[in-house]
Amino acid sequence: MNKLFYLNTCKELVLADLVVFKQSLFDKVIDMAIWVVLTIFVTGYIMPYFGLAQDFGPFQLGGVIAATGLFELYTNVFELTADLQGDRVINYGLTLPIPSWMALMSKSAYYAITYFILALIMLPLGKLCLWNQLSLSNIAYGKLLLVLVLQSIFYACCVLWTSTLIANLSRLGTIWARFIFPMWFMGGFQFSWMALYHVLPVLAYIDLINPMIYVTEATRTALLGQEGYLNFWLCCGALVLFSVACAWHALKRMQKRLDFV
Amino acid sequence: MPNILLSLQGITKSYATKEVLHGISLDIMRGEIISLLGVNGAGKTTLSSIIATLHPPTAGDIIYRGESIYRNITEYRLKLGYCPQAPNLYPNLTLEQNLLFAGKFYGLSPAETQPRIDKLAQQFELQPYLNQKAVVLSGGYKQRFMIARSLIHQPDFIILDEPTVGLDPQIRRQLWEMIKDLKKSGITILLTTHYLDEAEKLSDRVCILDQGHIRLIDTPDKLMADFKQKNLEDVFIELLKAGKDE
C-alpha cells in the first residue's frame with residue numbers, strides 16, 4: 001500500500017464530510033451573518049457615539065473573522081463528543097485501510113476546510129456592513145489567505161484536543177467557561193495586544209500563551225496593516241507551533257480515549 | 001494448516017487494572033461461520049473489535065496468511081469487513097452515497113463500485129431506499145445496510161457484531177438467510193451474538209466465552225451431543241451452571 005492510496009482515502013473521508021457540510025452551509029452562513037451584522041453594526045455605528053474610535057468597525061471585523069473558527073469549534077466539539085458517546089461514526093474511519101491517526105487527521109482537515117470557508121465569507125459580509133469604513137484596496141490578500149489557512153488548521157486541531165478534555169456532553173459547559181470563553185475574551189477580539197501591553201504589561205505577556213491573540217493580530221495586520229499589531233510572521237510562526245503541539249497532544253489523548261491501533 | 005484463515009494467539013486485553021480477555025487462542029477456518037457466544041461482559045465485542053483492528057490487544061498476536069496483522073495492518077484491513085453493533089453510517093448521506101464513499105475509501109472507482117452497489121442493494125433488498133438518507137431507515141434496514149457496506153470491497157471475511165440485536169423475529173430470520181447466503185458465496189464470517197438460537201442455526205462452530213476465557217469451541221451438534229441437550233440454549237445453561245459450581 002502506498003502513500004498515494006492513503007492520501008486518496010483521506011481525501012474521500014474529507015469529501016464525505018464536506019457533502020454533509022454542504023447541506024447545512026446555507027443555515028450556517030445565515031447564523032454567522034446575524035452574528036457579524038449585529039456585531040459590526042453595534043461597534044461600527046453605535047459605539048462611536050459613546051466615544052469609541054471611528055475606525056473601530058474595521059478593527060472589530062478583524063476580531064470577528066478571527067473568532068469565526070473558534071465559535072464553530074464549539075459546535076464541532078459538541079458533535080464529536082456526542083459521537084464518541086453515541087454511535088461512534090468516527091470508529092468507521094479507524095477500521096479503514098489507512099493508519100488510524102490519518103483517519104483522525106482527515107477529520108481535522110475537514111474541520112479546517114469548513115472554518116476556512118466560513119471565515120472567508122465573513123469578509124464580504126463585513127464589507128457590506130462597513131461599506132466606506134473598510135477599504136478593500138488596503139487589504140493584504142496574500143497575508144489574509146495565509147492567516148485564514150493557519151487559523152483554520154489551528155482551530156481544527158483544537159477540536160480534537162478539546163474533545164479529549166471532557167468525558168461526556170454534560171461537561172460541555174466547562175469547555176465553554178474554562179477554555180473557549182477566556183481564549184476568546186482575552187484573545188484580542190475587542191482590543192489589540194499593544195493596547196493590553198500599555199494598560200497591563202504583565203497580563204499582556206501572559207496573554208502570549210493564548211493562541212487566539214496571534215490569530216486576531218495576524219488577521220488585523222492583513223486587513224488594516226502592520227502598525228499597532230504583533231509582527232505578522234511571528235504570529236504565523238506561533239500558530240504553526242500551537243497547531244503542531246495541539247495535533248500531537250490531541251492524537252496522544254485520542255489514542256488513550258479511543259484505544260486505537 | 002492451509003485451511004486456517006486467521007489465527008488468534010494468546011490475545012489478552014486489559015483496561016486499567018482489569019483484564020477482560022485472558023490469553024484467547026483460536027483458529028478461524030476459511031469459509032466457516034464461527035459464532036462468539038457469551039453473556040454480557042463475556043468479552044465478545046472486545047475480542048471482535050480487536051480482530052477488526054479497532055483496538056490493539058495488550059498481549060498476543062493475530063496471524064493472517066502466515067504473518068502478524070500488525071506488520072501491515074492496512075493490507076489486512078483491505079481484506080476485512082466490519083459491521084459493528086451500533087450503525088456508524090453517515091446519517092445525512094443517502095444509502096447510495098454512503099456505499100459510493102465506502103467503495104472510494106477502499107480505493108475503488110465509482111465505475112467499479114456501482115455494479116457492486118446494485119448487486120448488494122438487490123441482495124439485501126435495499127433498492128427502494130438507495131436514495132433515502134440513512135437517518136430515516138428502520139433498525140432492520142440499517143442493519144442490512146451495515147452488512148452491505150461491510151461487503152462493498154469484497155472482503156475475505158467479515159465480522160458481524162450482534163447484527164440482529166433488537167430486531168423483530170421476522171427481520172432476524174430474514175437476516176439469517178442473508179448471512180447463510182454470504183457463507184455460500186465463500187465469505188468467512190465471525191458472528192458475535194447472545195441469541196443462542198441464532199448461533200445454533202447459523203454457525204459451523206461456536207466459541208463460548210465466559211469472563212474473558214474460552215470455555216468451549218465446537219460444532220453446535222457436537223456440543224448438544226456431548227451435553228445430551230436438545231438445543232444450544234440448554235448446553236449454554238448447563239455450562240454456566242458447571243462454571244458456577246467450579
# chains A, B, ... in the order shown; residues from 1 in each chain; ligands from 1
$ select_by_dssp --residues "segment 28-234 of chain B" --states "strand (DSSP E or B)" --output "number ranges by chain"
B: 28-29, 33-37, 59-64, 67-68, 80-83, 94, 133, 157-161, 188-193, 205-210, 213-218
$ residues_around --residues "Leu169 of chain A" --least-positions-apart "3" --cutoff "8 Å" --atoms "only C-alpha atoms" --output "PyMOL selection string"
chain A and resi 78+81-82+166+172
$ closest_residue --among "B:Val135, B:Leu89, B:Leu26, B:Ile11" --to "chain A" --atoms "only C-alpha atoms"
B:Leu89
$ closest_atom_pairs --of "segment 19-109 of chain B" --to "segment 8-22 of chain A" --cutoff "7 Å" --atoms "only C-alpha atoms" --output "Markdown table"
| residue | atom | partner | partner_atom | distance |
| --- | --- | --- | --- | --- |
| B:Asn92 | CA | A:Val20 | CA | 6.2 |
| B:Leu93 | CA | A:Val20 | CA | 6.7 |
| B:Phe101 | CA | A:Ala16 | CA | 6.7 |
| B:Lys104 | CA | A:Glu12 | CA | 6.5 |
| B:Phe105 | CA | A:Thr9 | CA | 4.8 |
| B:Tyr106 | CA | A:Thr9 | CA | 7.0 |
| B:Gly107 | CA | A:Thr9 | CA | 6.8 |
$ atom_distance --atom1 "atom CA of Leu21 of chain B" --atom2 "atom CA of Ile158 of chain B"
21.2 Å
$ residues_around --residues "Tyr74 of chain A" --least-positions-apart "6" --cutoff "9 Å" --atoms "only C-alpha atoms" --output "PyMOL selection string"
chain A and resi 159+172+175-176+180
$ residues_around --residues "segment 53-67 of chain B" --least-positions-apart "3" --cutoff "8 Å" --atoms "only C-alpha atoms" --output "NGL selection string"
(:A and (91 or 94-95 or 258-261)) or (:B and (5-14 or 23 or 49-50 or 70-71 or 73 or 76-77))
$ residues_around --residues "Trp248 of chain A" --least-positions-apart "3" --cutoff "12 Å" --atoms "only C-alpha atoms" --output "ChimeraX atom specification"
/A:101,104-105,154,157-158,160-161,241-245,251-255
$ closest_residue --among "A:Gly225, A:Gly69, A:Gly63, A:Gly51" --to "Val149 of chain A" --atoms "only C-alpha atoms"
A:Gly69
$ closest_residue --among "B:Pro220, B:Gly31, B:Pro128, B:Pro155" --to "chain A" --atoms "only C-alpha atoms"
B:Pro155
$ closest_residue --among "B:Gly81, B:Gly43, B:Gly140, B:Gly38" --to "chain A" --atoms "only C-alpha atoms"
B:Gly81
$ closest_residue --among "A:Val42, A:Val215, A:Val89, A:Ala247" --to "chain B" --atoms "only C-alpha atoms"
A:Val89
$ closest_residue --among "B:Lys44, B:Lys230, B:Arg30, B:Lys241" --to "Asp197 of chain B" --atoms "only C-alpha atoms"
B:Lys230
$ closest_atom_pairs --of "segment 26-108 of chain A" --to "segment 184-199 of chain A" --cutoff "12 Å" --atoms "only C-alpha atoms" --output "JSON lines"
{"residue": "A:Thr39", "atom": "CA", "partner": "A:Gln190", "partner_atom": "CA", "distance": 10.8}
{"residue": "A:Ile40", "atom": "CA", "partner": "A:Gln190", "partner_atom": "CA", "distance": 11.6}
{"residue": "A:Thr43", "atom": "CA", "partner": "A:Gln190", "partner_atom": "CA", "distance": 9.6}
{"residue": "A:Leu52", "atom": "CA", "partner": "A:Gln190", "partner_atom": "CA", "distance": 11.3}
{"residue": "A:Ala53", "atom": "CA", "partner": "A:Phe191", "partner_atom": "CA", "distance": 11.8}
{"residue": "A:Phe56", "atom": "CA", "partner": "A:Gln190", "partner_atom": "CA", "distance": 9.0}
{"residue": "A:Gly57", "atom": "CA", "partner": "A:Gln190", "partner_atom": "CA", "distance": 10.4}
{"residue": "A:Pro58", "atom": "CA", "partner": "A:Gln190", "partner_atom": "CA", "distance": 11.3}
{"residue": "A:Phe59", "atom": "CA", "partner": "A:Gln190", "partner_atom": "CA", "distance": 8.2}
{"residue": "A:Gln60", "atom": "CA", "partner": "A:Gln190", "partner_atom": "CA", "distance": 6.5}
{"residue": "A:Leu61", "atom": "CA", "partner": "A:Phe189", "partner_atom": "CA", "distance": 9.1}
{"residue": "A:Gly62", "atom": "CA", "partner": "A:Phe189", "partner_atom": "CA", "distance": 7.9}
{"residue": "A:Gly63", "atom": "CA", "partner": "A:Phe189", "partner_atom": "CA", "distance": 4.5}
{"residue": "A:Val64", "atom": "CA", "partner": "A:Phe189", "partner_atom": "CA", "distance": 7.1}
{"residue": "A:Ile65", "atom": "CA", "partner": "A:Phe189", "partner_atom": "CA", "distance": 9.5}
{"residue": "A:Ala66", "atom": "CA", "partner": "A:Phe189", "partner_atom": "CA", "distance": 7.8}
{"residue": "A:Ala67", "atom": "CA", "partner": "A:Trp184", "partner_atom": "CA", "distance": 7.1}
{"residue": "A:Thr68", "atom": "CA", "partner": "A:Trp184", "partner_atom": "CA", "distance": 10.4}
{"residue": "A:Gly69", "atom": "CA", "partner": "A:Trp184", "partner_atom": "CA", "distance": 10.8}
{"residue": "A:Leu70", "atom": "CA", "partner": "A:Trp184", "partner_atom": "CA", "distance": 7.6}
{"residue": "A:Phe71", "atom": "CA", "partner": "A:Trp184", "partner_atom": "CA", "distance": 9.0}
{"residue": "A:Leu73", "atom": "CA", "partner": "A:Trp184", "partner_atom": "CA", "distance": 11.8}
{"residue": "A:Tyr74", "atom": "CA", "partner": "A:Trp184", "partner_atom": "CA", "distance": 11.7}
$ decode --residues "segment 114-221 of chain A" --atoms "C-alpha atoms" --output "PDB file, in the first residue's frame"
ATOM      1  CA  THR A 114     -15.122  24.411   6.834  1.00  0.00           C
ATOM      2  CA  TYR A 115     -13.554  27.054   9.107  1.00  0.00           C
ATOM      3  CA  PHE A 116     -11.688  28.488   6.141  1.00  0.00           C
ATOM      4  CA  ILE A 117     -14.879  28.710   4.064  1.00  0.00           C
ATOM      5  CA  LEU A 118     -16.869  30.347   6.869  1.00  0.00           C
ATOM      6  CA  ALA A 119     -14.107  32.827   7.750  1.00  0.00           C
ATOM      7  CA  LEU A 120     -13.729  33.732   4.085  1.00  0.00           C
ATOM      8  CA  ILE A 121     -17.446  34.536   3.838  1.00  0.00           C
ATOM      9  CA  MET A 122     -17.083  36.988   6.732  1.00  0.00           C
ATOM     10  CA  LEU A 123     -15.028  39.420   4.628  1.00  0.00           C
ATOM     11  CA  PRO A 124     -17.686  40.324   2.019  1.00  0.00           C
ATOM     12  CA  LEU A 125     -20.312  40.370   4.760  1.00  0.00           C
ATOM     13  CA  GLY A 126     -18.139  42.750   6.760  1.00  0.00           C
ATOM     14  CA  LYS A 127     -17.583  44.952   3.726  1.00  0.00           C
ATOM     15  CA  LEU A 128     -21.339  45.161   3.142  1.00  0.00           C
ATOM     16  CA  CYS A 129     -21.849  46.226   6.742  1.00  0.00           C
ATOM     17  CA  LEU A 130     -18.974  48.683   6.957  1.00  0.00           C
ATOM     18  CA  TRP A 131     -19.065  49.921   3.365  1.00  0.00           C
ATOM     19  CA  ASN A 132     -16.912  53.104   3.242  1.00  0.00           C
ATOM     20  CA  GLN A 133     -15.275  52.349   6.564  1.00  0.00           C
ATOM     21  CA  LEU A 134     -13.376  49.388   5.091  1.00  0.00           C
ATOM     22  CA  SER A 135     -11.065  49.844   2.132  1.00  0.00           C
ATOM     23  CA  LEU A 136     -10.649  46.621   0.160  1.00  0.00           C
ATOM     24  CA  SER A 137      -7.597  48.026  -1.639  1.00  0.00           C
ATOM     25  CA  ASN A 138      -5.683  48.242   1.647  1.00  0.00           C
ATOM     26  CA  ILE A 139      -6.086  44.558   2.420  1.00  0.00           C
ATOM     27  CA  ALA A 140      -3.006  42.327   2.014  1.00  0.00           C
ATOM     28  CA  TYR A 141      -4.835  39.421   0.392  1.00  0.00           C
ATOM     29  CA  GLY A 142      -1.875  37.033   0.383  1.00  0.00           C
ATOM     30  CA  LYS A 143      -1.384  37.545   4.104  1.00  0.00           C
ATOM     31  CA  LEU A 144      -5.112  37.252   4.727  1.00  0.00           C
ATOM     32  CA  LEU A 145      -5.285  33.910   2.906  1.00  0.00           C
ATOM     33  CA  LEU A 146      -2.255  32.659   4.800  1.00  0.00           C
ATOM     34  CA  VAL A 147      -3.640  33.581   8.203  1.00  0.00           C
ATOM     35  CA  LEU A 148      -7.055  32.150   7.333  1.00  0.00           C
ATOM     36  CA  VAL A 149      -5.398  28.842   6.429  1.00  0.00           C
ATOM     37  CA  LEU A 150      -3.269  28.828   9.566  1.00  0.00           C
ATOM     38  CA  GLN A 151      -6.109  29.775  11.920  1.00  0.00           C
ATOM     39  CA  SER A 152      -8.379  27.148  10.328  1.00  0.00           C
ATOM     40  CA  ILE A 153      -5.757  24.448  10.836  1.00  0.00           C
ATOM     41  CA  PHE A 154      -5.173  25.564  14.404  1.00  0.00           C
ATOM     42  CA  TYR A 155      -8.876  25.549  15.322  1.00  0.00           C
ATOM     43  CA  ALA A 156      -9.311  22.172  13.596  1.00  0.00           C
ATOM     44  CA  CYS A 157      -6.542  20.638  15.704  1.00  0.00           C
ATOM     45  CA  CYS A 158      -8.143  22.276  18.712  1.00  0.00           C
ATOM     46  CA  VAL A 159     -11.422  20.409  18.125  1.00  0.00           C
ATOM     47  CA  LEU A 160      -9.752  17.016  18.540  1.00  0.00           C
ATOM     48  CA  TRP A 161      -7.770  18.200  21.539  1.00  0.00           C
ATOM     49  CA  THR A 162     -10.714  19.883  23.249  1.00  0.00           C
ATOM     50  CA  SER A 163     -12.923  16.825  22.720  1.00  0.00           C
ATOM     51  CA  THR A 164     -10.474  14.749  24.705  1.00  0.00           C
ATOM     52  CA  LEU A 165     -10.763  17.091  27.689  1.00  0.00           C
ATOM     53  CA  ILE A 166     -14.327  16.092  28.541  1.00  0.00           C
ATOM     54  CA  ALA A 167     -15.766  12.668  29.212  1.00  0.00           C
ATOM     55  CA  ASN A 168     -19.328  13.435  28.145  1.00  0.00           C
ATOM     56  CA  LEU A 169     -21.743  16.105  26.946  1.00  0.00           C
ATOM     57  CA  SER A 170     -22.750  17.154  30.445  1.00  0.00           C
ATOM     58  CA  ARG A 171     -19.276  18.676  30.784  1.00  0.00           C
ATOM     59  CA  LEU A 172     -19.566  20.769  27.635  1.00  0.00           C
ATOM     60  CA  GLY A 173     -20.308  23.911  29.642  1.00  0.00           C
ATOM     61  CA  THR A 174     -16.912  23.506  31.265  1.00  0.00           C
ATOM     62  CA  ILE A 175     -15.256  23.721  27.866  1.00  0.00           C
ATOM     63  CA  TRP A 176     -17.034  26.990  27.194  1.00  0.00           C
ATOM     64  CA  ALA A 177     -16.323  28.513  30.601  1.00  0.00           C
ATOM     65  CA  ARG A 178     -12.750  27.356  31.111  1.00  0.00           C
ATOM     66  CA  PHE A 179     -11.419  27.214  27.593  1.00  0.00           C
ATOM     67  CA  ILE A 180     -13.318  28.907  24.789  1.00  0.00           C
ATOM     68  CA  PHE A 181     -14.586  31.986  26.633  1.00  0.00           C
ATOM     69  CA  PRO A 182     -11.207  33.017  28.173  1.00  0.00           C
ATOM     70  CA  MET A 183      -9.462  32.262  24.890  1.00  0.00           C
ATOM     71  CA  TRP A 184     -11.927  34.455  23.021  1.00  0.00           C
ATOM     72  CA  PHE A 185     -12.330  37.259  25.553  1.00  0.00           C
ATOM     73  CA  MET A 186      -8.589  37.617  26.186  1.00  0.00           C
ATOM     74  CA  GLY A 187      -7.728  36.783  22.573  1.00  0.00           C
ATOM     75  CA  GLY A 188      -7.937  40.349  21.348  1.00  0.00           C
ATOM     76  CA  PHE A 189     -11.456  40.174  19.983  1.00  0.00           C
ATOM     77  CA  GLN A 190     -12.087  43.735  21.247  1.00  0.00           C
ATOM     78  CA  PHE A 191      -8.547  45.020  21.768  1.00  0.00           C
ATOM     79  CA  SER A 192      -5.068  44.718  20.330  1.00  0.00           C
ATOM     80  CA  TRP A 193      -2.134  43.191  22.155  1.00  0.00           C
ATOM     81  CA  MET A 194      -0.384  46.576  22.142  1.00  0.00           C
ATOM     82  CA  ALA A 195      -3.374  48.182  23.877  1.00  0.00           C
ATOM     83  CA  LEU A 196      -3.267  45.494  26.553  1.00  0.00           C
ATOM     84  CA  TYR A 197       0.505  45.995  26.888  1.00  0.00           C
ATOM     85  CA  HIS A 198       0.053  49.716  27.523  1.00  0.00           C
ATOM     86  CA  VAL A 199      -2.555  49.094  30.209  1.00  0.00           C
ATOM     87  CA  LEU A 200      -1.279  45.894  31.862  1.00  0.00           C
ATOM     88  CA  PRO A 201       2.133  44.761  30.550  1.00  0.00           C
ATOM     89  CA  VAL A 202       2.283  41.680  32.778  1.00  0.00           C
ATOM     90  CA  LEU A 203      -1.089  40.489  31.589  1.00  0.00           C
ATOM     91  CA  ALA A 204      -0.034  41.205  28.002  1.00  0.00           C
ATOM     92  CA  TYR A 205       2.967  38.906  28.382  1.00  0.00           C
ATOM     93  CA  ILE A 206       0.808  36.221  29.992  1.00  0.00           C
ATOM     94  CA  ASP A 207      -1.638  36.619  27.119  1.00  0.00           C
ATOM     95  CA  LEU A 208       1.075  35.481  24.713  1.00  0.00           C
ATOM     96  CA  ILE A 209       0.253  31.912  25.732  1.00  0.00           C
ATOM     97  CA  ASN A 210      -3.235  32.461  24.303  1.00  0.00           C
ATOM     98  CA  PRO A 211      -3.103  31.252  20.674  1.00  0.00           C
ATOM     99  CA  MET A 212      -6.094  33.374  19.717  1.00  0.00           C
ATOM    100  CA  ILE A 213      -4.123  36.592  20.234  1.00  0.00           C
ATOM    101  CA  TYR A 214      -1.919  35.551  17.304  1.00  0.00           C
ATOM    102  CA  VAL A 215      -4.971  34.830  15.151  1.00  0.00           C
ATOM    103  CA  THR A 216      -6.566  38.232  15.801  1.00  0.00           C
ATOM    104  CA  GLU A 217      -3.310  40.171  15.484  1.00  0.00           C
ATOM    105  CA  ALA A 218      -2.349  38.499  12.206  1.00  0.00           C
ATOM    106  CA  THR A 219      -5.858  38.912  10.793  1.00  0.00           C
ATOM    107  CA  ARG A 220      -5.892  42.613  11.647  1.00  0.00           C
ATOM    108  CA  THR A 221      -2.429  43.064  10.154  1.00  0.00           C
TER     109      THR A 221
END
